[in-house]
Structures are given as C-alpha cells and as structure tokens.
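Beneath this line is the structure, given in structure tokens, with notes to follow.
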Amino acid sequence: VIGGRPVDVSRSPWTVALSSRDRFGANRSGHFCGGVVVARTAVLTAAHCLERDVLGSPRARDFKVIANRTDLLSTQGEEVAVRDVWVNPRYDSDTNAGDFGLLTLASPLPENAVIRMAGAEDPAYTPGEQATVYGWGDTTGAGAYPRDLRAASVHVLSDEACRAAYPGSRNGTYVAASMLCAGEAGGGRDACQGDSGGPLVAQGRLIGLVSWGSGCGQPDSPGVYTRVADVVRTLSAGR
Ligand code: 4AZ
C-alpha cells in the first residue's frame with residue numbers, strides 16, 4: 001500500500017495474507033498476496049494470485065492462509081491450511097476481467113473475521129466516496145515490503161473516469177462490468193504489488209479486490225479492483 005498507515009489487524013480481521021514457502025524467501029514469511037475472509041471457511045482472493053506461473057503450482061498444499069496477524073514476521077494469529085482452490089474459469093489474464101478465486105479452508109476462522117460482500121442491489125458505495133484498501137504490499141513502488149499491515153483511503157471513481165484512465169492502450173483496459181477503480185487525482189495513495197487479492201472496503205462492506213493498475217500511486221493511474229458485486233453475481237449463478 002502506497003501512502004498508507006500501519007493498522008492493527010484487529011481493525012480489519014477479514015484481511016489475511018497468503019503465504020507460500022517458495023515465495024519471496026523466509027524473511028517475508030512467504031507472503032505473496034492478500035485475501036479476504038468472506039465465510040468462516042472461505043477466503044476470496046485474486047485469480048492472478050493463484051495462477052501456475054505466479055504460485056509455482058496451484059495446489060492447495062503449497063500455501064496457507066495467515067489470519068489475525070498484523071506483523072508478518074511475528075507468530076501472532078493463526079496459520080490455516082487450504083483444503084481446496086477454485087479459480088474463476090472466466091478469468092481473462094489478458095484484460096484481468098474476472099480476477100477472483102476462492103480458497104476453502106481446512107479449519108474455520110472466527111465469525112467476527114467474516115466481512116459481508118457488496119451485492120448488485122447493494123453496492124455499498126457511490127463514485128466519489130472514500131474506501132479503504134488494506135495489505136502488506138510494496139509501500140514505495142520499488143519493492144519495499146512492510147512487516148505490518150497497512151491501509152490507505154482512496155476515492156472510488158466513476159466508470160467514465162476509470163475508462164478514461166485505461167481506455168485499452170498498453171496501460172490496460174477497464175472493463176466496467178467486472179472492475180471498479182479507485183485512487184487520488186494527484187496519485188500518492190494506492191495499492192501496489194503484494195496487495196493483490198486483498199480488500200477494498202466501504203461502509204464496512206467488501207466492494208473490491210486489489211487486481212491491477214499502471215504502476216502504483218501515479219497521477220491519473222488509479223488502482224483497478226475486481227468488482228465484488230460481480231463476484232457475488234457469478235458465484236450465486238453457480239458458474
Ligand atoms: C500488482 O502488480 C499491482 N496500483 C497491484 C495493484 C496495482 C498495481 C500493481 C495498483 O500486483
């Protein structure tokens with residue numbers, strides 16, 4: 001998270017780290033992505049966090065979920081094994097549309113760790129409002145990874161503003177049906193590498209998952225998030 005502040009995980013107990021022994025070395029506890037507790041045994045994350053070339057192997061035994069831990073290098077909280085990995089079959093790695101997947105946990109997390117997802121009838125925000133992004137990702141855009149969870153406030157933008165920022169050039173394409181974007185006009189506050197799969201929260205509700213963007217915290221290059229209302233629609237349609 002660029003331009004954020006440290007937060008104790010008790011303030012956002014739904015925020016978890018995905019950790020793999022093979023990723024980034026032992027000094028970072030193997031953290032490679034964020035995730036969000038959406039049911040006692042279910043964690044939502046980005047599909048691109050679960051791809052073979054990112055994870056090495058998308059097999060459940062290769063990674064674990066770290067819950068209730070602010071400092072990644074501490075032994076606080078719990079490490080939960082993953083029983084099953086599901087990647088949205090409609091995820092398009094070219095546009096990043098549909099960038100979500102679901103982890104089923106081997107043991108349940110506490111009820112108070114579960115965040116409610118925004119739905120299609122209940123988006124939990126209107127463009128222009130503030131939301132908060134959480135994660136252990138890069139704080140500088142140059143590979144400076146923090147030990148402690150961080151959070152930043154960003155403004156949710158209109159689809160028109162997102163499309164104008166990412167009209168389909170080499171910088172990427174904004175797909176309104178499955179994405180939303182958030183940032184600051186002058187840059188400075190944003191998600192970054194390592195935050196992927198983690199939560200964007202408004203009104204106490206999960207509205208987005210960190211997905212992509214052009215750089216981090218740059219003016220006129222907002223962060224792009226998986227639209228959680230679209231995740232809910234997809235999951236409830238059973239496909
Ligand atoms: C990434 O590489 C990434 N500024 C995540 C979020 C953003 C950019 C890059 C948004 O995972």
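Residues are referred to by chain and number: the chain letter is A, B, ... according to the order shown in the structure tokens, the number counts from 1 in that chain, and ligands are numbered separately from 1 in the order shown.
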Protein and nucleic residues near ligand 1, 9 Å, only C-alpha atoms and all ligand atoms, as a PDB file with N, CA and C atoms, in the first residue's frame:
ATOM      1  N   VAL A   1       0.851  -1.193   0.000  1.00  0.00           N
ATOM      2  CA  VAL A   1       0.000   0.000   0.000  1.00  0.00           C
ATOM      3  C   VAL A   1       0.887   1.243   0.000  1.00  0.00           C
ATOM      4  N   ILE A   2       0.606   2.134  -0.949  1.00  0.00           N
ATOM      5  CA  ILE A   2       1.354   3.386  -1.089  1.00  0.00           C
ATOM      6  C   ILE A   2       0.604   4.486  -0.321  1.00  0.00           C
ATOM      7  N   CYS A  33       0.432 -12.563  -1.549  1.00  0.00           N
ATOM      8  CA  CYS A  33      -0.811 -11.898  -1.937  1.00  0.00           C
ATOM      9  C   CYS A  33      -1.659 -11.674  -0.690  1.00  0.00           C
ATOM     10  N   HIS A  48      -5.302 -14.019 -10.314  1.00  0.00           N
ATOM     11  CA  HIS A  48      -3.904 -13.959 -10.768  1.00  0.00           C
ATOM     12  C   HIS A  48      -2.925 -14.333  -9.653  1.00  0.00           C
ATOM     13  N   CYS A  49      -3.421 -14.359  -8.398  1.00  0.00           N
ATOM     14  CA  CYS A  49      -2.592 -14.854  -7.291  1.00  0.00           C
ATOM     15  C   CYS A  49      -2.487 -16.376  -7.299  1.00  0.00           C
ATOM     16  N   GLY A 137       1.530  -5.103   0.848  1.00  0.00           N
ATOM     17  CA  GLY A 137       2.266  -4.921  -0.400  1.00  0.00           C
ATOM     18  C   GLY A 137       3.260  -3.767  -0.332  1.00  0.00           C
ATOM     19  N   GLY A 141       6.638   1.337  -4.474  1.00  0.00           N
ATOM     20  CA  GLY A 141       6.678   1.075  -5.906  1.00  0.00           C
ATOM     21  C   GLY A 141       8.047   0.566  -6.336  1.00  0.00           C
ATOM     22  N   GLY A 183      -8.627   5.825  -6.547  1.00  0.00           N
ATOM     23  CA  GLY A 183      -7.329   6.484  -6.422  1.00  0.00           C
ATOM     24  C   GLY A 183      -7.513   7.946  -6.100  1.00  0.00           C
ATOM     25  N   ARG A 189      -1.757   7.712  -3.088  1.00  0.00           N
ATOM     26  CA  ARG A 189      -2.355   6.662  -2.247  1.00  0.00           C
ATOM     27  C   ARG A 189      -2.918   5.586  -3.175  1.00  0.00           C
ATOM     28  N   ASP A 190      -2.518   4.329  -2.926  1.00  0.00           N
ATOM     29  CA  ASP A 190      -2.857   3.274  -3.895  1.00  0.00           C
ATOM     30  C   ASP A 190      -2.476   1.912  -3.325  1.00  0.00           C
ATOM     31  N   ALA A 191      -3.000   0.873  -3.974  1.00  0.00           N
ATOM     32  CA  ALA A 191      -2.499  -0.481  -3.762  1.00  0.00           C
ATOM     33  C   ALA A 191      -1.254  -0.672  -4.627  1.00  0.00           C
ATOM     34  N   CYS A 192      -0.485  -1.710  -4.334  1.00  0.00           N
ATOM     35  CA  CYS A 192       0.706  -1.986  -5.139  1.00  0.00           C
ATOM     36  C   CYS A 192       0.996  -3.487  -5.107  1.00  0.00           C
ATOM     37  N   GLN A 193       2.088  -3.869  -5.722  1.00  0.00           N
ATOM     38  CA  GLN A 193       2.417  -5.288  -5.807  1.00  0.00           C
ATOM     39  C   GLN A 193       2.474  -5.920  -4.414  1.00  0.00           C
ATOM     40  N   GLY A 194       1.869  -7.083  -4.279  1.00  0.00           N
ATOM     41  CA  GLY A 194       1.795  -7.772  -2.992  1.00  0.00           C
ATOM     42  C   GLY A 194       0.469  -7.536  -2.294  1.00  0.00           C
ATOM     43  N   ASP A 195      -0.250  -6.479  -2.703  1.00  0.00           N
ATOM     44  CA  ASP A 195      -1.583  -6.227  -2.143  1.00  0.00           C
ATOM     45  C   ASP A 195      -2.661  -7.009  -2.887  1.00  0.00           C
ATOM     46  N   SER A 196      -2.329  -7.539  -4.040  1.00  0.00           N
ATOM     47  CA  SER A 196      -3.312  -8.217  -4.885  1.00  0.00           C
ATOM     48  C   SER A 196      -4.131  -9.240  -4.107  1.00  0.00           C
ATOM     49  N   GLY A 197      -5.424  -9.268  -4.406  1.00  0.00           N
ATOM     50  CA  GLY A 197      -6.327 -10.207  -3.735  1.00  0.00           C
ATOM     51  C   GLY A 197      -6.875  -9.682  -2.427  1.00  0.00           C
ATOM     52  N   VAL A 210      -7.982  -6.079  -4.717  1.00  0.00           N
ATOM     53  CA  VAL A 210      -6.868  -5.479  -5.449  1.00  0.00           C
ATOM     54  C   VAL A 210      -6.527  -6.354  -6.653  1.00  0.00           C
ATOM     55  N   SER A 211      -6.473  -5.727  -7.845  1.00  0.00           N
ATOM     56  CA  SER A 211      -6.259  -6.521  -9.061  1.00  0.00           C
ATOM     57  C   SER A 211      -5.080  -6.029  -9.905  1.00  0.00           C
ATOM     58  N   TRP A 212      -5.131  -4.787 -10.380  1.00  0.00           N
ATOM     59  CA  TRP A 212      -4.054  -4.318 -11.256  1.00  0.00           C
ATOM     60  C   TRP A 212      -4.039  -2.795 -11.301  1.00  0.00           C
ATOM     61  N   GLY A 213      -3.169  -2.250 -12.143  1.00  0.00           N
ATOM     62  CA  GLY A 213      -3.055  -0.813 -12.318  1.00  0.00           C
ATOM     63  C   GLY A 213      -1.762  -0.539 -13.044  1.00  0.00           C
ATOM     64  N   SER A 214      -1.628   0.692 -13.543  1.00  0.00           N
ATOM     65  CA  SER A 214      -0.381   1.086 -14.182  1.00  0.00           C
ATOM     66  C   SER A 214       0.507   1.714 -13.127  1.00  0.00           C
ATOM     67  N   GLY A 215       1.530   0.985 -12.698  1.00  0.00           N
ATOM     68  CA  GLY A 215       2.379   1.475 -11.623  1.00  0.00           C
ATOM     69  C   GLY A 215       1.612   1.553 -10.317  1.00  0.00           C
ATOM     70  N   CYS A 216       2.114   2.327  -9.391  1.00  0.00           N
ATOM     71  CA  CYS A 216       1.482   2.452  -8.071  1.00  0.00           C
ATOM     72  C   CYS A 216       1.530   3.904  -7.622  1.00  0.00           C
ATOM     73  N   GLY A 217       0.371   4.464  -7.314  1.00  0.00           N
ATOM     74  CA  GLY A 217       0.305   5.815  -6.760  1.00  0.00           C
ATOM     75  C   GLY A 217       0.638   6.911  -7.744  1.00  0.00           C
ATOM     76  N   GLN A 218       0.583   6.586  -9.040  1.00  0.00           N
ATOM     77  CA  GLN A 218       0.894   7.595 -10.048  1.00  0.00           C
ATOM     78  C   GLN A 218      -0.339   8.460 -10.346  1.00  0.00           C
ATOM     79  N   SER A 221      -3.472   7.357 -12.803  1.00  0.00           N
ATOM     80  CA  SER A 221      -3.419   5.903 -12.974  1.00  0.00           C
ATOM     81  C   SER A 221      -3.982   5.232 -11.723  1.00  0.00           C
ATOM     82  N   PRO A 222      -5.320   5.263 -11.595  1.00  0.00           N
ATOM     83  CA  PRO A 222      -5.934   4.697 -10.385  1.00  0.00           C
ATOM     84  C   PRO A 222      -5.687   3.200 -10.273  1.00  0.00           C
ATOM     85  N   GLY A 223      -5.823   2.685  -9.057  1.00  0.00           N
ATOM     86  CA  GLY A 223      -5.776   1.248  -8.859  1.00  0.00           C
ATOM     87  C   GLY A 223      -7.060   0.621  -9.384  1.00  0.00           C
ATOM     88  N   VAL A 224      -6.943  -0.556  -9.980  1.00  0.00           N
ATOM     89  CA  VAL A 224      -8.116  -1.252 -10.503  1.00  0.00           C
ATOM     90  C   VAL A 224      -8.378  -2.480  -9.641  1.00  0.00           C
ATOM     91  N   TYR A 225      -9.650  -2.661  -9.316  1.00  0.00           N
ATOM     92  CA  TYR A 225     -10.092  -3.684  -8.371  1.00  0.00           C
ATOM     93  C   TYR A 225     -11.121  -4.591  -9.039  1.00  0.00           C
TER      94      TYR A 225
END
Using only C-alpha atoms, determine which residues lie at most 12 Å from Asp99 in chain A, disregarding the query and same-chain residues fewer than 6 positions distant; provide the list as an MDAnalysis selection string. chainID A and resid 44:51 86:93 175 177:180 196:198 208:212 224:228 230:231 234
Skipping near chain neighbours, those fewer than 5 positions away, what residues fall within 9 Å of Leu18 in chain A using only C-alpha atoms, listed as a PDB file with N, CA and C atoms, in the first residue's frame?
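File selection19.pdb, as written:
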ATOM      1  N   GLY A  30       7.041 -15.739   3.350  1.00  0.00           N
ATOM      2  CA  GLY A  30       6.490 -16.291   2.127  1.00  0.00           C
ATOM      3  C   GLY A  30       5.256 -15.580   1.618  1.00  0.00           C
ATOM      4  N   HIS A  31       4.942 -14.399   2.198  1.00  0.00           N
ATOM      5  CA  HIS A  31       3.747 -13.658   1.774  1.00  0.00           C
ATOM      6  C   HIS A  31       3.827 -13.334   0.285  1.00  0.00           C
ATOM      7  N   PHE A  32       2.744 -13.601  -0.457  1.00  0.00           N
ATOM      8  CA  PHE A  32       2.761 -13.232  -1.875  1.00  0.00           C
ATOM      9  C   PHE A  32       1.502 -12.522  -2.341  1.00  0.00           C
ATOM     10  N   CYS A  33       0.432 -12.563  -1.549  1.00  0.00           N
ATOM     11  CA  CYS A  33      -0.811 -11.898  -1.937  1.00  0.00           C
ATOM     12  C   CYS A  33      -1.659 -11.674  -0.690  1.00  0.00           C
ATOM     13  N   GLY A  34      -2.694 -10.874  -0.841  1.00  0.00           N
ATOM     14  CA  GLY A  34      -3.693 -10.722   0.201  1.00  0.00           C
ATOM     15  C   GLY A  34      -4.907 -11.578  -0.097  1.00  0.00           C
ATOM     16  N   GLY A  35      -5.816 -11.624   0.862  1.00  0.00           N
ATOM     17  CA  GLY A  35      -7.069 -12.329   0.688  1.00  0.00           C
ATOM     18  C   GLY A  35      -8.080 -11.771   1.676  1.00  0.00           C
ATOM     19  N   THR A  45      -9.759 -14.209  -3.101  1.00  0.00           N
ATOM     20  CA  THR A  45      -8.510 -13.558  -3.487  1.00  0.00           C
ATOM     21  C   THR A  45      -8.551 -13.310  -4.984  1.00  0.00           C
ATOM     22  N   CYS A  49      -3.421 -14.359  -8.398  1.00  0.00           N
ATOM     23  CA  CYS A  49      -2.592 -14.854  -7.291  1.00  0.00           C
ATOM     24  C   CYS A  49      -2.487 -16.376  -7.299  1.00  0.00           C
ATOM     25  N   PHE A  63       0.427 -23.667  -0.136  1.00  0.00           N
ATOM     26  CA  PHE A  63       0.373 -22.410   0.578  1.00  0.00           C
ATOM     27  C   PHE A  63      -0.665 -22.459   1.689  1.00  0.00           C
ATOM     28  N   LYS A  64      -0.633 -21.414   2.508  1.00  0.00           N
ATOM     29  CA  LYS A  64      -1.542 -21.341   3.642  1.00  0.00           C
ATOM     30  C   LYS A  64      -2.051 -19.918   3.797  1.00  0.00           C
ATOM     31  N   VAL A  65      -3.080 -19.798   4.601  1.00  0.00           N
ATOM     32  CA  VAL A  65      -3.685 -18.505   4.893  1.00  0.00           C
ATOM     33  C   VAL A  65      -3.239 -18.097   6.296  1.00  0.00           C
ATOM     34  N   ILE A  66      -2.740 -16.865   6.420  1.00  0.00           N
ATOM     35  CA  ILE A  66      -2.343 -16.353   7.733  1.00  0.00           C
ATOM     36  C   ILE A  66      -3.380 -15.322   8.167  1.00  0.00           C
TER      37      ILE A  66
END
Point out the residue among A:Val80, A:Leu235, A:Ala131, A:Ala97 with the least atom-to-atom distance to Ala176 in chain A, counting only C-alpha atoms. A:Ala97
Coordinates-based distance that separates CA of Thr95 in chain A from CA of Thr173 in chain A (Å, one decimal):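 The value is 6.2 Å.
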Can you list, as number ranges by chain, all residues belonging to range 29-233 of chain A that DSSP tags as alpha helix (DSSP H)? A: 52-55, 159-165, 228-233
Write out as a PyMOL selection string the residues lying within 8 Å of Gly4 in chain A, counting only C-alpha atoms and excluding same-chain residues fewer than 4 positions away. chain A and resi 139+150-153+189
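CA of Glu184 in chain A is found 21.1 Å from CA of Ala144 in chain A.
Across A:Leu72, A:Ala39, A:Val201, A:Cys162, the tightest approach to Leu109 in chain A is made by A:Ala39 when counting only C-alpha atoms.
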Test item: residues at most 9 Å from Leu149 in chain A, only C-alpha atoms, excluding those fewer than 3 positions along its chain, as a list of chain:residue names: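 In the requested format, the answer is A:Val1, A:Arg5, A:Pro6, A:Val7, A:Asp8, A:Val9, A:Thr15, A:Arg69, A:Thr70, A:Asp71, A:Leu72, A:Tyr134, A:Gly135, A:Trp136, A:Gly137, A:Pro146.
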Write the residues of the preceding selection, restricted to N, CA, C and O atoms, as a PDB file, in the first residue's frame.
ATOM      1  N   VAL A   1       0.851  -1.193   0.000  1.00  0.00           N
ATOM      2  CA  VAL A   1       0.000   0.000   0.000  1.00  0.00           C
ATOM      3  C   VAL A   1       0.887   1.243   0.000  1.00  0.00           C
ATOM      4  O   VAL A   1       1.775   1.379   0.833  1.00  0.00           O
ATOM      5  N   ARG A   5      -1.027   3.932   6.183  1.00  0.00           N
ATOM      6  CA  ARG A   5      -0.619   3.985   7.578  1.00  0.00           C
ATOM      7  C   ARG A   5      -0.686   2.560   8.126  1.00  0.00           C
ATOM      8  O   ARG A   5      -1.477   1.743   7.634  1.00  0.00           O
ATOM      9  N   PRO A   6       0.118   2.237   9.139  1.00  0.00           N
ATOM     10  CA  PRO A   6       0.011   0.901   9.724  1.00  0.00           C
ATOM     11  C   PRO A   6      -1.312   0.751  10.466  1.00  0.00           C
ATOM     12  O   PRO A   6      -1.782   1.713  11.080  1.00  0.00           O
ATOM     13  N   VAL A   7      -1.900  -0.425  10.370  1.00  0.00           N
ATOM     14  CA  VAL A   7      -3.129  -0.701  11.124  1.00  0.00           C
ATOM     15  C   VAL A   7      -2.992  -2.052  11.807  1.00  0.00           C
ATOM     16  O   VAL A   7      -2.346  -2.951  11.285  1.00  0.00           O
ATOM     17  N   ASP A   8      -3.622  -2.156  12.970  1.00  0.00           N
ATOM     18  CA  ASP A   8      -3.659  -3.454  13.635  1.00  0.00           C
ATOM     19  C   ASP A   8      -4.722  -4.314  12.950  1.00  0.00           C
ATOM     20  O   ASP A   8      -5.800  -3.817  12.599  1.00  0.00           O
ATOM     21  N   VAL A   9      -4.403  -5.574  12.778  1.00  0.00           N
ATOM     22  CA  VAL A   9      -5.317  -6.458  12.051  1.00  0.00           C
ATOM     23  C   VAL A   9      -6.665  -6.603  12.767  1.00  0.00           C
ATOM     24  O   VAL A   9      -7.663  -6.941  12.134  1.00  0.00           O
ATOM     25  N   THR A  15      -8.882  -9.312   6.777  1.00  0.00           N
ATOM     26  CA  THR A  15      -7.709  -9.248   5.891  1.00  0.00           C
ATOM     27  C   THR A  15      -6.710 -10.340   6.257  1.00  0.00           C
ATOM     28  O   THR A  15      -6.236 -10.397   7.392  1.00  0.00           O
ATOM     29  N   ARG A  69      -2.925 -11.699  12.022  1.00  0.00           N
ATOM     30  CA  ARG A  69      -1.510 -11.383  12.242  1.00  0.00           C
ATOM     31  C   ARG A  69      -1.199 -10.035  11.606  1.00  0.00           C
ATOM     32  O   ARG A  69      -1.244  -9.895  10.388  1.00  0.00           O
ATOM     33  N   THR A  70      -0.880  -9.030  12.427  1.00  0.00           N
ATOM     34  CA  THR A  70      -0.517  -7.704  11.917  1.00  0.00           C
ATOM     35  C   THR A  70       0.894  -7.714  11.338  1.00  0.00           C
ATOM     36  O   THR A  70       1.119  -7.258  10.213  1.00  0.00           O
ATOM     37  N   ASP A  71       1.834  -8.236  12.138  1.00  0.00           N
ATOM     38  CA  ASP A  71       3.257  -8.272  11.766  1.00  0.00           C
ATOM     39  C   ASP A  71       3.558  -9.636  11.152  1.00  0.00           C
ATOM     40  O   ASP A  71       3.533 -10.655  11.846  1.00  0.00           O
ATOM     41  N   LEU A  72       3.848  -9.636   9.870  1.00  0.00           N
ATOM     42  CA  LEU A  72       4.048 -10.909   9.162  1.00  0.00           C
ATOM     43  C   LEU A  72       5.192 -11.728   9.731  1.00  0.00           C
ATOM     44  O   LEU A  72       5.238 -12.935   9.540  1.00  0.00           O
ATOM     45  N   TYR A 134      -6.387  -2.405   2.104  1.00  0.00           N
ATOM     46  CA  TYR A 134      -5.520  -2.991   3.124  1.00  0.00           C
ATOM     47  C   TYR A 134      -4.539  -3.971   2.489  1.00  0.00           C
ATOM     48  O   TYR A 134      -4.926  -4.730   1.591  1.00  0.00           O
ATOM     49  N   GLY A 135      -3.304  -3.993   2.985  1.00  0.00           N
ATOM     50  CA  GLY A 135      -2.388  -5.034   2.517  1.00  0.00           C
ATOM     51  C   GLY A 135      -0.968  -4.875   3.029  1.00  0.00           C
ATOM     52  O   GLY A 135      -0.616  -3.874   3.652  1.00  0.00           O
ATOM     53  N   TRP A 136      -0.184  -5.915   2.744  1.00  0.00           N
ATOM     54  CA  TRP A 136       1.235  -5.953   3.105  1.00  0.00           C
ATOM     55  C   TRP A 136       2.104  -5.722   1.875  1.00  0.00           C
ATOM     56  O   TRP A 136       3.260  -6.111   1.831  1.00  0.00           O
ATOM     57  N   GLY A 137       1.530  -5.103   0.848  1.00  0.00           N
ATOM     58  CA  GLY A 137       2.266  -4.921  -0.400  1.00  0.00           C
ATOM     59  C   GLY A 137       3.260  -3.767  -0.332  1.00  0.00           C
ATOM     60  O   GLY A 137       3.354  -3.029   0.666  1.00  0.00           O
ATOM     61  N   PRO A 146       6.506  -3.989   3.794  1.00  0.00           N
ATOM     62  CA  PRO A 146       6.436  -3.736   5.235  1.00  0.00           C
ATOM     63  C   PRO A 146       6.192  -5.025   6.018  1.00  0.00           C
ATOM     64  O   PRO A 146       5.678  -6.004   5.472  1.00  0.00           O
TER      65      PRO A 146
END
Excluding same-chain residues fewer than 5 positions from range 102-108 of chain A, what lies within 6 Å of it counting only C-alpha atoms, as a PyMOL selection string? chain A and resi 40-44+81-86
Take the residues that were just selected and, keeping N, CA, C and O atoms, output them as a PDB file, in the first residue's frame.
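selection.pdb was written with the following content:
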ATOM      1  N   ARG A  40     -16.658 -18.390   7.157  1.00  0.00           N
ATOM      2  CA  ARG A  40     -15.710 -18.917   8.152  1.00  0.00           C
ATOM      3  C   ARG A  40     -14.678 -19.852   7.529  1.00  0.00           C
ATOM      4  O   ARG A  40     -13.562 -19.963   8.029  1.00  0.00           O
ATOM      5  N   THR A  41     -15.044 -20.513   6.445  1.00  0.00           N
ATOM      6  CA  THR A  41     -14.090 -21.409   5.771  1.00  0.00           C
ATOM      7  C   THR A  41     -13.818 -21.000   4.326  1.00  0.00           C
ATOM      8  O   THR A  41     -13.417 -21.831   3.514  1.00  0.00           O
ATOM      9  N   ALA A  42     -14.021 -19.711   4.003  1.00  0.00           N
ATOM     10  CA  ALA A  42     -13.790 -19.284   2.619  1.00  0.00           C
ATOM     11  C   ALA A  42     -13.044 -17.956   2.555  1.00  0.00           C
ATOM     12  O   ALA A  42     -13.422 -16.991   3.217  1.00  0.00           O
ATOM     13  N   VAL A  43     -12.001 -17.936   1.749  1.00  0.00           N
ATOM     14  CA  VAL A  43     -11.207 -16.728   1.525  1.00  0.00           C
ATOM     15  C   VAL A  43     -11.243 -16.392   0.041  1.00  0.00           C
ATOM     16  O   VAL A  43     -10.952 -17.234  -0.812  1.00  0.00           O
ATOM     17  N   LEU A  44     -11.615 -15.148  -0.244  1.00  0.00           N
ATOM     18  CA  LEU A  44     -11.643 -14.647  -1.616  1.00  0.00           C
ATOM     19  C   LEU A  44     -10.291 -13.989  -1.894  1.00  0.00           C
ATOM     20  O   LEU A  44      -9.739 -13.292  -1.044  1.00  0.00           O
ATOM     21  N   ALA A  81      -4.481 -24.159   6.902  1.00  0.00           N
ATOM     22  CA  ALA A  81      -4.241 -24.879   5.653  1.00  0.00           C
ATOM     23  C   ALA A  81      -5.405 -24.662   4.692  1.00  0.00           C
ATOM     24  O   ALA A  81      -6.537 -24.416   5.107  1.00  0.00           O
ATOM     25  N   VAL A  82      -5.099 -24.753   3.411  1.00  0.00           N
ATOM     26  CA  VAL A  82      -6.099 -24.603   2.355  1.00  0.00           C
ATOM     27  C   VAL A  82      -6.523 -25.991   1.899  1.00  0.00           C
ATOM     28  O   VAL A  82      -5.702 -26.825   1.557  1.00  0.00           O
ATOM     29  N   ARG A  83      -7.841 -26.213   1.904  1.00  0.00           N
ATOM     30  CA  ARG A  83      -8.337 -27.531   1.508  1.00  0.00           C
ATOM     31  C   ARG A  83      -8.577 -27.607   0.001  1.00  0.00           C
ATOM     32  O   ARG A  83      -8.342 -28.604  -0.638  1.00  0.00           O
ATOM     33  N   ASP A  84      -9.047 -26.473  -0.557  1.00  0.00           N
ATOM     34  CA  ASP A  84      -9.410 -26.509  -1.965  1.00  0.00           C
ATOM     35  C   ASP A  84      -9.182 -25.133  -2.595  1.00  0.00           C
ATOM     36  O   ASP A  84      -9.376 -24.110  -1.936  1.00  0.00           O
ATOM     37  N   VAL A  85      -8.773 -25.115  -3.842  1.00  0.00           N
ATOM     38  CA  VAL A  85      -8.553 -23.882  -4.586  1.00  0.00           C
ATOM     39  C   VAL A  85      -9.473 -23.872  -5.797  1.00  0.00           C
ATOM     40  O   VAL A  85      -9.503 -24.831  -6.568  1.00  0.00           O
ATOM     41  N   TRP A  86     -10.243 -22.784  -5.937  1.00  0.00           N
ATOM     42  CA  TRP A  86     -11.111 -22.623  -7.112  1.00  0.00           C
ATOM     43  C   TRP A  86     -10.761 -21.303  -7.794  1.00  0.00           C
ATOM     44  O   TRP A  86     -10.756 -20.255  -7.155  1.00  0.00           O
TER      45      TRP A  86
END
Students should find that CA of Ala118 in chain A and CA of Glu79 in chain A are spaced 26.8 Å
When you look at Val232 in chain A with a cut-off of 8 Å (counting only C-alpha atoms), what residues show up, excluding the ones that are within fewer than 6 positions of it in the same chain? I need them as a VMD selection string. chain A and resid 117 to 120
Of A:Thr126, A:Ser29, A:Gln203, A:Gln76, the one sitting nearest Val156 in chain A when using only C-alpha atoms is A:Thr126
Can you list, as number ranges by chain, every residue of range 101-147 of chain A that DSSP puts in strand (DSSP E or B)? A: 101-105, 116-117, 119, 122, 130-135
